[in-house]
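Structure data (CSV, C-alpha atoms) from start.csv:
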```
chain,number,residue,atom,x,y,z
A,1,MET,CA,0.0,0.0,0.0
A,2,GLU,CA,1.3,3.4,-0.9
A,3,GLU,CA,1.3,6.0,2.0
A,4,GLY,CA,1.1,8.9,-0.4
A,5,ILE,CA,2.5,10.6,-3.5
A,6,GLY,CA,4.6,13.8,-3.4
A,7,ASP,CA,3.1,17.2,-2.7
A,8,GLY,CA,1.5,19.0,-5.7
A,9,VAL,CA,2.3,16.1,-8.1
A,10,PHE,CA,-0.9,16.7,-10.2
A,11,SER,CA,-1.4,20.4,-9.4
A,12,ASP,CA,-2.6,22.6,-12.3
A,13,CYS,CA,-3.2,19.6,-14.6
A,14,THR,CA,-6.1,21.4,-16.3
A,15,SER,CA,-6.8,18.5,-18.8
A,16,LEU,CA,-7.4,16.0,-15.9
A,17,LYS,CA,-11.1,15.2,-15.8
A,18,GLN,CA,-11.5,12.1,-13.6
A,19,VAL,CA,-9.3,10.1,-11.2
A,20,ASN,CA,-9.7,6.7,-9.6
A,21,ILE,CA,-6.9,6.9,-6.9
A,22,PRO,CA,-5.2,3.5,-6.0
A,23,ARG,CA,-4.7,2.3,-2.5
A,24,MET,CA,-3.2,5.3,-0.8
A,25,GLN,CA,-3.4,6.5,2.8
A,26,ILE,CA,-2.6,10.2,2.4
A,27,ILE,CA,-3.8,12.7,-0.2
A,28,SER,CA,-0.8,15.0,0.0
A,29,ASP,CA,-0.6,18.8,0.1
A,30,SER,CA,-1.8,20.5,-3.1
A,31,MET,CA,-2.0,17.1,-4.8
A,32,PHE,CA,-4.8,18.1,-7.2
A,33,SER,CA,-4.8,21.8,-6.6
A,34,GLY,CA,-5.9,23.8,-9.6
A,35,CYS,CA,-7.1,20.9,-11.7
A,36,SER,CA,-9.9,23.1,-13.0
A,37,ASN,CA,-11.6,20.4,-15.1
A,38,LEU,CA,-11.5,17.6,-12.6
A,39,SER,CA,-15.2,16.7,-12.1
A,40,ASN,CA,-15.1,13.0,-11.0
A,41,ILE,CA,-12.9,11.5,-8.3
A,42,LYS,CA,-13.1,8.3,-6.3
A,43,LEU,CA,-11.0,8.1,-3.0
A,44,PRO,CA,-10.0,4.7,-1.7
A,45,ASP,CA,-11.3,3.5,1.6
A,46,CYS,CA,-7.8,3.4,3.1
A,47,VAL,CA,-7.3,7.2,3.0
A,48,PHE,CA,-7.1,8.7,6.5
A,49,TYR,CA,-5.7,12.2,5.8
A,50,ILE,CA,-6.7,14.8,3.2
A,51,CYS,CA,-3.9,17.4,3.5
A,52,SER,CA,-3.8,21.1,2.9
A,53,SER,CA,-5.1,22.4,-0.4
A,54,ALA,CA,-5.4,18.9,-1.7
A,55,PHE,CA,-8.3,19.7,-4.0
A,56,SER,CA,-8.4,23.5,-3.8
A,57,ASN,CA,-9.6,25.4,-7.0
A,58,CYS,CA,-11.0,22.2,-8.5
A,59,SER,CA,-13.8,24.4,-9.9
A,60,LYS,CA,-15.8,21.6,-11.7
A,61,LEU,CA,-15.8,19.2,-8.8
A,62,LYS,CA,-19.5,18.8,-7.8
A,63,GLU,CA,-19.6,16.0,-5.3
A,64,ILE,CA,-17.2,13.8,-3.3
A,65,VAL,CA,-17.5,10.9,-0.9
A,66,ILE,CA,-15.1,11.2,2.1
A,67,PRO,CA,-14.0,7.6,2.9
A,68,ASN,CA,-14.9,6.1,6.3
A,69,ASN,CA,-11.3,6.1,7.6
A,70,VAL,CA,-10.7,9.8,7.1
A,71,GLU,CA,-10.5,11.6,10.4
A,72,ILE,CA,-8.8,14.9,9.5
A,73,ILE,CA,-9.4,17.4,6.6
A,74,TRP,CA,-6.7,20.0,6.7
A,75,ASN,CA,-6.5,23.7,5.8
A,76,GLU,CA,-8.1,24.8,2.5
A,77,ALA,CA,-8.4,21.2,1.4
A,78,PHE,CA,-11.4,22.0,-0.8
A,79,LYS,CA,-11.1,25.8,-0.9
A,80,SER,CA,-12.7,27.6,-3.9
A,81,CYS,CA,-14.3,24.4,-5.3
A,82,SER,CA,-17.0,26.7,-6.7
A,83,SER,CA,-19.2,23.8,-8.1
A,84,LEU,CA,-19.0,21.6,-5.0
A,85,THR,CA,-22.6,21.1,-3.7
A,86,GLU,CA,-22.5,17.7,-2.0
A,87,VAL,CA,-20.0,16.1,0.4
A,88,ILE,CA,-20.8,12.7,2.1
A,89,MET,CA,-19.0,12.7,5.5
A,90,PRO,CA,-18.0,9.7,7.5
A,91,LYS,CA,-19.2,9.2,11.1
A,92,GLY,CA,-15.7,9.0,12.6
A,93,ILE,CA,-14.2,12.3,11.4
A,94,SER,CA,-12.9,14.4,14.3
A,95,SER,CA,-11.2,17.4,12.8
A,96,ILE,CA,-12.0,19.7,9.9
A,97,GLU,CA,-10.0,23.0,9.6
A,98,SER,CA,-12.2,26.1,9.6
A,99,ASN,CA,-11.3,27.1,6.1
A,100,ALA,CA,-11.3,23.6,4.6
A,101,PHE,CA,-14.4,24.4,2.5
A,102,GLU,CA,-14.0,28.2,2.1
A,103,ASN,CA,-15.5,29.8,-1.0
A,104,CYS,CA,-17.3,26.7,-2.1
A,105,ASN,CA,-20.8,26.7,-3.7
A,106,GLU,CA,-23.4,28.5,-1.6
A,107,ASN,CA,-25.6,25.4,-1.9
A,108,LEU,CA,-22.9,23.1,-0.4
A,109,THR,CA,-24.5,20.3,1.6
A,110,PHE,CA,-23.0,17.8,4.0
A,111,LYS,CA,-24.6,14.4,4.0
A,112,LEU,CA,-23.8,13.1,7.5
A,113,TYR,CA,-24.8,11.1,10.6
A,114,LYS,CA,-26.4,12.8,13.6
A,115,ASN,CA,-24.2,13.7,16.5
A,116,SER,CA,-21.0,13.6,14.4
A,117,TYR,CA,-18.2,16.2,14.4
A,118,ALA,CA,-19.1,17.1,10.8
A,119,GLU,CA,-22.6,18.2,12.0
A,120,THR,CA,-21.0,20.6,14.5
A,121,TYR,CA,-18.6,21.9,11.8
A,122,ALA,CA,-21.5,22.4,9.3
A,123,ASN,CA,-23.5,24.4,11.8
A,124,GLU,CA,-20.6,26.6,12.7
A,125,ASN,CA,-19.8,27.3,9.1
A,126,ASN,CA,-23.4,27.7,7.7
A,127,ILE,CA,-23.2,24.6,5.6
A,128,LYS,CA,-26.5,22.9,4.7
A,129,ILE,CA,-27.1,19.4,6.3
A,130,ASP,CA,-28.8,16.3,5.0
A,131,PHE,CA,-28.8,13.6,7.6
A,132,ILE,CA,-28.1,10.0,6.7
A,133,SER,CA,-30.3,7.4,8.3
A,134,PRO,CA,-28.2,4.2,7.9
A,135,MET,CA,-29.7,0.8,7.1
A,136,GLY,CA,-30.4,-0.8,10.4
A,137,ASP,CA,-31.1,2.5,12.3
A,138,VAL,CA,-34.5,1.2,13.5
A,139,ASP,CA,-35.0,3.8,16.2
A,140,GLU,CA,-33.9,6.6,13.8
A,141,ASN,CA,-31.4,8.2,16.2
A,142,GLY,CA,-28.9,8.6,13.4
A,143,VAL,CA,-26.6,5.7,14.3
A,144,VAL,CA,-26.8,1.9,14.2
A,145,ASP,CA,-26.4,1.0,17.8
A,146,ALA,CA,-27.2,-1.7,20.4
A,147,ASN,CA,-30.8,-0.5,20.7
A,148,ASP,CA,-31.3,-1.2,17.0
A,149,ALA,CA,-29.8,-4.7,17.4
A,150,VAL,CA,-32.2,-5.5,20.3
A,151,ILE,CA,-35.2,-4.4,18.3
A,152,ILE,CA,-34.2,-6.5,15.4
A,153,LEU,CA,-33.5,-9.5,17.6
A,154,LYS,CA,-37.0,-9.2,19.2
A,155,TYR,CA,-38.6,-9.3,15.8
A,156,VAL,CA,-36.5,-12.2,14.6
A,157,ALA,CA,-37.3,-14.1,17.9
A,158,HIS,CA,-41.0,-13.8,17.1
A,159,ASN,CA,-40.6,-14.6,13.4
A,160,ILE,CA,-42.5,-11.5,12.5
A,161,GLU,CA,-42.6,-10.8,8.8
A,162,LEU,CA,-41.7,-7.4,7.5
A,163,THR,CA,-45.1,-5.9,7.0
A,164,ASP,CA,-44.8,-2.8,9.2
A,165,GLU,CA,-43.2,0.1,7.4
A,166,GLN,CA,-41.8,1.4,10.7
A,167,PHE,CA,-39.3,-1.5,10.7
A,168,LEU,CA,-38.2,-1.2,7.0
A,169,LEU,CA,-34.7,0.0,8.0
A,170,GLY,CA,-34.1,-3.3,9.8
A,171,ASN,CA,-34.3,-5.2,6.5
A,172,ILE,CA,-30.5,-5.0,5.9
A,173,ASN,CA,-30.1,-7.9,3.4
A,174,GLY,CA,-32.9,-6.7,1.1
A,175,ASP,CA,-35.2,-9.6,1.2
A,176,GLU,CA,-38.8,-9.5,2.4
A,177,TYR,CA,-38.2,-10.2,6.1
A,178,VAL,CA,-36.4,-8.9,9.2
A,179,ASP,CA,-34.5,-12.2,9.8
A,180,ALA,CA,-31.5,-13.7,11.4
A,181,GLU,CA,-29.2,-12.5,8.7
A,182,ASP,CA,-30.3,-8.9,9.3
A,183,ALA,CA,-29.7,-9.4,13.0
A,184,VAL,CA,-26.2,-10.8,12.4
A,185,LEU,CA,-25.3,-7.8,10.2
A,186,ILE,CA,-26.5,-5.3,12.7
A,187,LEU,CA,-24.6,-7.0,15.5
A,188,LYS,CA,-21.4,-7.1,13.5
A,189,TYR,CA,-21.8,-3.4,12.8
A,190,VAL,CA,-22.5,-2.6,16.5
A,191,ALA,CA,-19.5,-4.7,17.6
A,192,HIS,CA,-17.2,-3.0,15.0
A,193,ASN,CA,-18.1,0.4,16.5
A,194,ILE,CA,-17.6,-0.4,20.2
A,195,GLU,CA,-14.8,1.7,21.7
A,196,LEU,CA,-11.7,-0.3,21.0
A,197,GLU,CA,-10.3,0.1,24.5
A,198,ASP,CA,-13.2,-2.0,25.8
A,199,VAL,CA,-12.3,-5.0,23.7
A,200,ILE,CA,-8.6,-4.9,22.9
A,201,PRO,CA,-6.8,-8.1,23.8
A,202,TYR,CA,-3.4,-6.6,24.4
A,203,GLU,CA,-1.8,-6.5,27.9
A,204,TYR,CA,-1.5,-3.2,29.6
A,205,GLU,CA,2.0,-1.7,30.0
A,206,LYS,CA,3.3,-4.1,27.4
A,207,LEU,CA,5.1,-1.5,25.3
A,208,ASP,CA,8.4,0.2,26.1
A,209,TRP,CA,8.6,3.9,26.8
A,210,PRO,CA,9.6,5.6,23.5
A,211,LEU,CA,12.2,7.9,25.0
A,212,PRO,CA,15.0,7.6,27.5
A,213,THR,CA,13.4,6.3,30.7
A,214,VAL,CA,14.3,9.5,32.7
A,215,TYR,CA,11.4,11.0,30.8
A,216,ALA,CA,8.9,8.3,31.8
A,217,ARG,CA,7.3,10.6,34.3
A,218,HIS,CA,4.0,12.5,34.3
A,219,GLN,CA,5.8,15.8,34.8
A,220,PHE,CA,7.1,15.5,31.2
A,221,ILE,CA,3.6,14.9,29.7
A,222,THR,CA,2.4,18.2,28.4
A,223,SER,CA,-0.8,17.0,26.8
A,224,TYR,CA,-2.8,13.9,27.6
A,225,PHE,CA,-5.1,11.7,25.5
A,226,GLY,CA,-8.6,13.0,25.0
A,227,PRO,CA,-10.5,16.3,24.6
A,228,ARG,CA,-8.5,19.5,25.1
A,229,LYS,CA,-8.4,23.1,24.3
A,230,ARG,CA,-6.8,23.8,20.9
A,231,PRO,CA,-3.2,24.6,21.8
A,232,THR,CA,-2.5,26.4,18.5
A,233,ALA,CA,-4.1,27.0,15.1
A,234,GLY,CA,-4.5,23.8,13.2
A,235,ALA,CA,-4.1,21.5,16.2
A,236,SER,CA,-6.7,19.0,17.2
A,237,THR,CA,-9.2,19.5,20.0
A,238,ASN,CA,-9.6,15.7,20.4
A,239,HIS,CA,-6.0,14.6,21.2
A,240,GLY,CA,-5.4,11.0,20.1
A,241,ALA,CA,-2.0,10.7,21.8
A,242,ILE,CA,0.2,11.9,24.6
A,243,ASP,CA,2.7,14.7,24.1
A,244,ILE,CA,6.0,14.4,25.9
A,245,GLY,CA,7.9,17.6,26.4
A,246,VAL,CA,11.5,16.8,25.3
A,247,ALA,CA,13.9,18.5,23.0
A,248,TYR,CA,15.9,16.6,20.4
A,249,GLN,CA,16.1,13.3,22.3
A,250,PRO,CA,16.5,9.8,20.8
A,251,VAL,CA,13.2,8.1,20.0
A,252,TYR,CA,12.9,4.4,20.4
A,253,ALA,CA,10.6,1.7,18.9
A,254,ALA,CA,8.1,0.8,21.6
A,255,GLU,CA,8.1,-2.8,20.3
A,256,ALA,CA,9.6,-4.8,17.4
A,257,GLY,CA,7.9,-4.4,14.1
A,258,THR,CA,7.9,-2.9,10.6
A,259,VAL,CA,8.1,0.7,9.5
A,260,VAL,CA,4.8,1.4,7.7
A,261,MET,CA,5.6,5.1,7.2
A,262,ALA,CA,8.5,7.4,7.7
A,263,GLN,CA,7.8,10.7,6.0
A,264,TYR,CA,6.5,14.3,6.5
A,265,VAL,CA,2.7,14.4,7.1
A,266,SER,CA,0.7,17.7,7.4
A,267,GLY,CA,0.2,18.5,11.1
A,268,TYR,CA,2.3,15.7,12.4
A,269,GLY,CA,5.5,17.0,10.7
A,270,ASN,CA,8.1,14.3,10.4
A,271,PHE,CA,6.1,11.1,11.2
A,272,ILE,CA,6.8,7.4,11.8
A,273,MET,CA,4.2,4.6,12.0
A,274,LEU,CA,5.3,1.1,13.2
A,275,TRP,CA,3.2,-2.0,12.8
A,276,HIS,CA,3.9,-4.5,15.6
A,277,ASN,CA,3.3,-7.6,13.6
A,278,GLU,CA,3.6,-10.1,16.5
A,279,MET,CA,0.9,-8.2,18.4
A,280,GLY,CA,-1.8,-8.4,15.7
A,281,GLN,CA,-3.2,-5.1,14.5
A,282,LEU,CA,-1.3,-2.9,16.9
A,283,TYR,CA,0.5,0.2,15.7
A,284,THR,CA,2.5,3.0,17.3
A,285,CYS,CA,3.1,6.5,15.8
A,286,TYR,CA,5.7,9.1,16.5
A,287,GLY,CA,5.2,12.8,15.4
A,288,HIS,CA,7.0,16.2,15.2
A,289,LEU,CA,10.3,14.4,14.7
A,290,ASN,CA,13.5,16.3,13.9
A,291,SER,CA,15.1,13.5,11.9
A,292,PHE,CA,14.6,9.8,10.9
A,293,LYS,CA,16.9,6.9,11.7
A,294,VAL,CA,14.8,4.4,9.8
A,295,SER,CA,12.9,4.2,6.4
A,296,THR,CA,9.6,2.8,5.2
A,297,GLY,CA,9.6,-1.0,5.0
A,298,GLN,CA,12.5,-1.5,7.4
A,299,LYS,CA,12.3,-4.1,10.2
A,300,VAL,CA,13.1,-2.7,13.7
A,301,SER,CA,13.7,-4.3,17.1
A,302,ARG,CA,12.2,-3.3,20.5
A,303,GLY,CA,14.2,-0.3,21.9
A,304,GLN,CA,16.0,0.5,18.6
A,305,GLN,CA,16.4,4.2,17.9
A,306,ILE,CA,14.1,5.2,15.1
A,307,ALA,CA,14.3,9.0,15.2
A,308,VAL,CA,15.3,12.2,17.0
A,309,SER,CA,12.4,14.2,18.6
A,310,GLY,CA,11.8,17.6,17.3
A,311,ASN,CA,9.4,20.5,16.6
A,312,THR,CA,8.2,19.9,13.0
A,313,GLY,CA,4.6,20.2,11.8
A,314,ILE,CA,1.9,22.0,13.8
A,315,SER,CA,3.6,22.3,17.2
A,316,THR,CA,4.0,24.8,20.1
A,317,GLY,CA,7.5,23.7,21.0
A,318,PRO,CA,9.8,20.6,20.9
A,319,HIS,CA,8.1,17.4,22.0
A,320,LEU,CA,7.3,13.9,21.0
A,321,HIS,CA,3.7,13.1,19.9
A,322,PHE,CA,3.2,9.4,20.8
A,323,GLU,CA,0.1,7.3,19.6
A,324,VAL,CA,-1.1,3.8,20.0
A,325,ARG,CA,-3.6,2.4,17.5
A,326,ALA,CA,-5.3,-0.9,18.2
A,327,GLY,CA,-7.4,-2.8,15.7
A,328,GLY,CA,-6.0,-1.1,12.6
A,329,SER,CA,-3.8,1.7,11.2
A,330,SER,CA,-6.4,4.3,10.9
A,331,SER,CA,-6.4,7.4,13.2
A,332,ARG,CA,-9.9,6.4,14.4
A,333,ASN,CA,-8.2,3.4,16.0
A,334,ARG,CA,-6.2,5.6,18.4
A,335,VAL,CA,-6.4,4.4,22.1
A,336,GLU,CA,-5.1,5.6,25.4
A,337,PRO,CA,-1.2,5.2,25.2
A,338,LEU,CA,-0.9,5.2,29.0
A,339,LYS,CA,-2.6,1.8,29.1
A,340,TYR,CA,0.3,0.4,27.2
A,341,VAL,CA,3.4,2.1,28.7
A,342,LYS,CA,4.4,2.6,32.4
A,343,VAL,CA,4.7,6.2,33.6
A,344,TYR,CA,5.8,7.1,37.1
```
This structure in structure tokens:
Amino acid sequence: MEEGIGDGVFSDCTSLKQVNIPRMQIISDSMFSGCSNLSNIKLPDCVFYICSSAFSNCSKLKEIVIPNNVEIIWNEAFKSCSSLTEVIMPKGISSIESNAFENCNENLTFKLYKNSYAETYANENNIKIDFISPMGDVDENGVVDANDAVIILKYVAHNIELTDEQFLLGNINGDEYVDAEDAVLILKYVAHNIELEDVIPYEYEKLDWPLPTVYARHQFITSYFGPRKRPTAGASTNHGAIDIGVAYQPVYAAEAGTVVMAQYVSGYGNFIMLWHNEMGQLYTCYGHLNSFKVSTGQKVSRGQQIAVSGNTGISTGPHLHFEVRAGGSSSRNRVEPLKYVKVY
């Protein structure tokens, strides 16, 4: 899987009309900026960052589906897309920069789920809203949840045929009945969306501290995991990591694994992602680095130096941004790092 292609690689390609992007995790800065005839684009499901000015000034782009794994849309990503009238937003998105959709069509509409971050953003920026009622949302609260599964199971248990229009949304598999297959699909969906920290099989405090152990103390943690006030323009208000206030210190692999990514990423600055193969779908991420000591695809051992901490990207000062992702590499799989490392 490709992490991304260089910044601005297709910018100002005025003859480009449609694009079907391959398996890529990052839509880089200004990647399609100024492609004035681009009207049709399909993003792969594995994308999780849409970087600054990625589609700015794509004046014929009318609609776009933001993939489910995307959690951050950066500055001016769709600025001046004057024909853009419909954006389908994923449920899990947690950060959209205030000017990401600046100067778009006055009829721009977000299709989204209730109680999502995108709903808050749309209201704050006077963007029209069209709520999505997903298949299986029997109680019509905007999400497929445990309550829907219970209702479906009750109907299945009583072998009731689908004759009441009120329960049409429970007919997931498209036949004439709310049946066992529908219930299984609902339960799979609900289970998939349970907070990962409730079901992760990994042992707590199993990872090494990613810095010299002298810094494994709460007094060096400058920002904890979870909601916070925005520390600087462009920074997230839902912090999926811990920040450790150190300047230009060696950064170590928290566990043996493979380097999935070692490159500059908007916001994160110089960024490394490790996949800890022996621990299933467990990943660690290291941001705002000064320099790299490893490269993409390289195998690393536990405690091996992989970088030097720094102050790159969106940062208020030198520190290490440290993430743990459980269940997948997407940023929506971020979990509390302090459940995996010991701090004194």
Of A:Val265, A:Ile93, A:Ala122, A:Ile242, the one sitting nearest Lys339 in chain A when using all atoms listed in the file is A:Ile242
Would you list the residues near (0.4, 17.2, 6.9), meaning any protein, DNA or RNA residue with an atom at most 10 Å from that point in file coordinates, counting only C-alpha atoms, as a PyMOL selection string? chain A and resi 7+26-29+49-52+72-75+263-271+313-314
Show which residues sit within 10 Å of Asn40 in chain A, as a PyMOL selection string. Count only C-alpha atoms, and ignore same-chain residues fewer than 4 positions away. chain A and resi 16-20+60-64
Take the point (15.6, 1.9, 21.3) as written in the file and pick out every residue within 10 Å of it, counting all atoms listed in the file; give the list as a tab-separated table (two decimals) with C-alpha atoms, in the frame of the given file.
```tsv
chain	number	residue	atom	x	y	z
A	208	ASP	CA	8.40	0.20	26.10
A	209	TRP	CA	8.60	3.90	26.80
A	210	PRO	CA	9.60	5.60	23.50
A	211	LEU	CA	12.20	7.90	25.00
A	212	PRO	CA	15.00	7.60	27.50
A	250	PRO	CA	16.50	9.80	20.80
A	251	VAL	CA	13.20	8.10	20.00
A	252	TYR	CA	12.90	4.40	20.40
A	253	ALA	CA	10.60	1.70	18.90
A	254	ALA	CA	8.10	0.80	21.60
A	255	GLU	CA	8.10	-2.80	20.30
A	256	ALA	CA	9.60	-4.80	17.40
A	300	VAL	CA	13.10	-2.70	13.70
A	301	SER	CA	13.70	-4.30	17.10
A	302	ARG	CA	12.20	-3.30	20.50
A	303	GLY	CA	14.20	-0.30	21.90
A	304	GLN	CA	16.00	0.50	18.60
A	305	GLN	CA	16.40	4.20	17.90
A	306	ILE	CA	14.10	5.20	15.10
A	307	ALA	CA	14.30	9.00	15.20
```
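If only C-alpha atoms are the atoms counted, then among A:Thr222, A:Leu43, A:Asn99, A:Tyr344 the closest residue to Ser315 in chain A is A:Thr222.
Here the question is which of A:Phe110, A:Phe131, A:Tyr283, A:Phe220 gets nearest to Val65 in chain A using only C-alpha atoms, and that residue is A:Phe110.
Excluding range 289-291 of chain A itself and any same-chain residue fewer than 2 positions from it, the protein and nucleic acid residues within 8 Å of it, counting only C-alpha atoms, are Tyr248, Gly269, Asn270, Phe271, Tyr286, Gly287, Lys293, Ala307, Val308, Ser309, Gly310, Asn311, Thr312 and Leu320 of chain A.
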List the spatial neighbours of range 83-90 of chain A as a ChimeraX atom specification - criterion: any atom at most 9 Å away, only C-alpha atoms, same-chain residues fewer than 6 positions off excluded. /A:58-71,104-113,116,118
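Between CA of Met31 in chain A and CA of Asp130 in chain A the interatomic distance comes to 28.5 Å.
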Show me, as JSON, numbers by chain, the residues that have an atom within 9 Å of Gly327 in chain A when counting only C-alpha atoms, minus same-chain residues fewer than 2 positions from it. {"A": [196, 200, 280, 281, 282, 283, 325, 329, 330, 333, 334]}
Could those selected residues go to a file with C-alpha atoms, as a PDB file, in the frame of the given file?
```
ATOM      1  CA  LEU A 196     -11.700  -0.300  21.000  1.00  0.00           C
ATOM      2  CA  ILE A 200      -8.600  -4.900  22.900  1.00  0.00           C
ATOM      3  CA  GLY A 280      -1.800  -8.400  15.700  1.00  0.00           C
ATOM      4  CA  GLN A 281      -3.200  -5.100  14.500  1.00  0.00           C
ATOM      5  CA  LEU A 282      -1.300  -2.900  16.900  1.00  0.00           C
ATOM      6  CA  TYR A 283       0.500   0.200  15.700  1.00  0.00           C
ATOM      7  CA  ARG A 325      -3.600   2.400  17.500  1.00  0.00           C
ATOM      8  CA  SER A 329      -3.800   1.700  11.200  1.00  0.00           C
ATOM      9  CA  SER A 330      -6.400   4.300  10.900  1.00  0.00           C
ATOM     10  CA  ASN A 333      -8.200   3.400  16.000  1.00  0.00           C
ATOM     11  CA  ARG A 334      -6.200   5.600  18.400  1.00  0.00           C
TER      12      ARG A 334
END
```
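Across A:Lys79, A:Arg332, A:Arg23, A:Lys42, the tightest approach to Asn57 in chain A is made by A:Lys79 when counting only C-alpha atoms.
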Work out how far CA of Gly257 in chain A is from CA of Glu278 in chain A, in Å to one decimal. 7.5 Å
Two-atom distance - CA of Gly240 in chain A, CA of Ser56 in chain A (Å): 27.1 Å
So which one's closest to Thr284 in chain A, A:Leu207, A:Ile41, A:Ile221, A:Val214? Using only C-alpha atoms, please. A:Leu207
Can you sort out the box for range 101-105 of chain A, edges along x, y and z, all listed atoms in, 4 Å on every side, with centre and edge lengths in Å to one decimal, as lines of an AutoDock Vina configuration file?
```
center_x = -17.4
center_y = 27.1
center_z = -0.6
size_x = 14.8
size_y = 13.4
size_z = 14.2
```
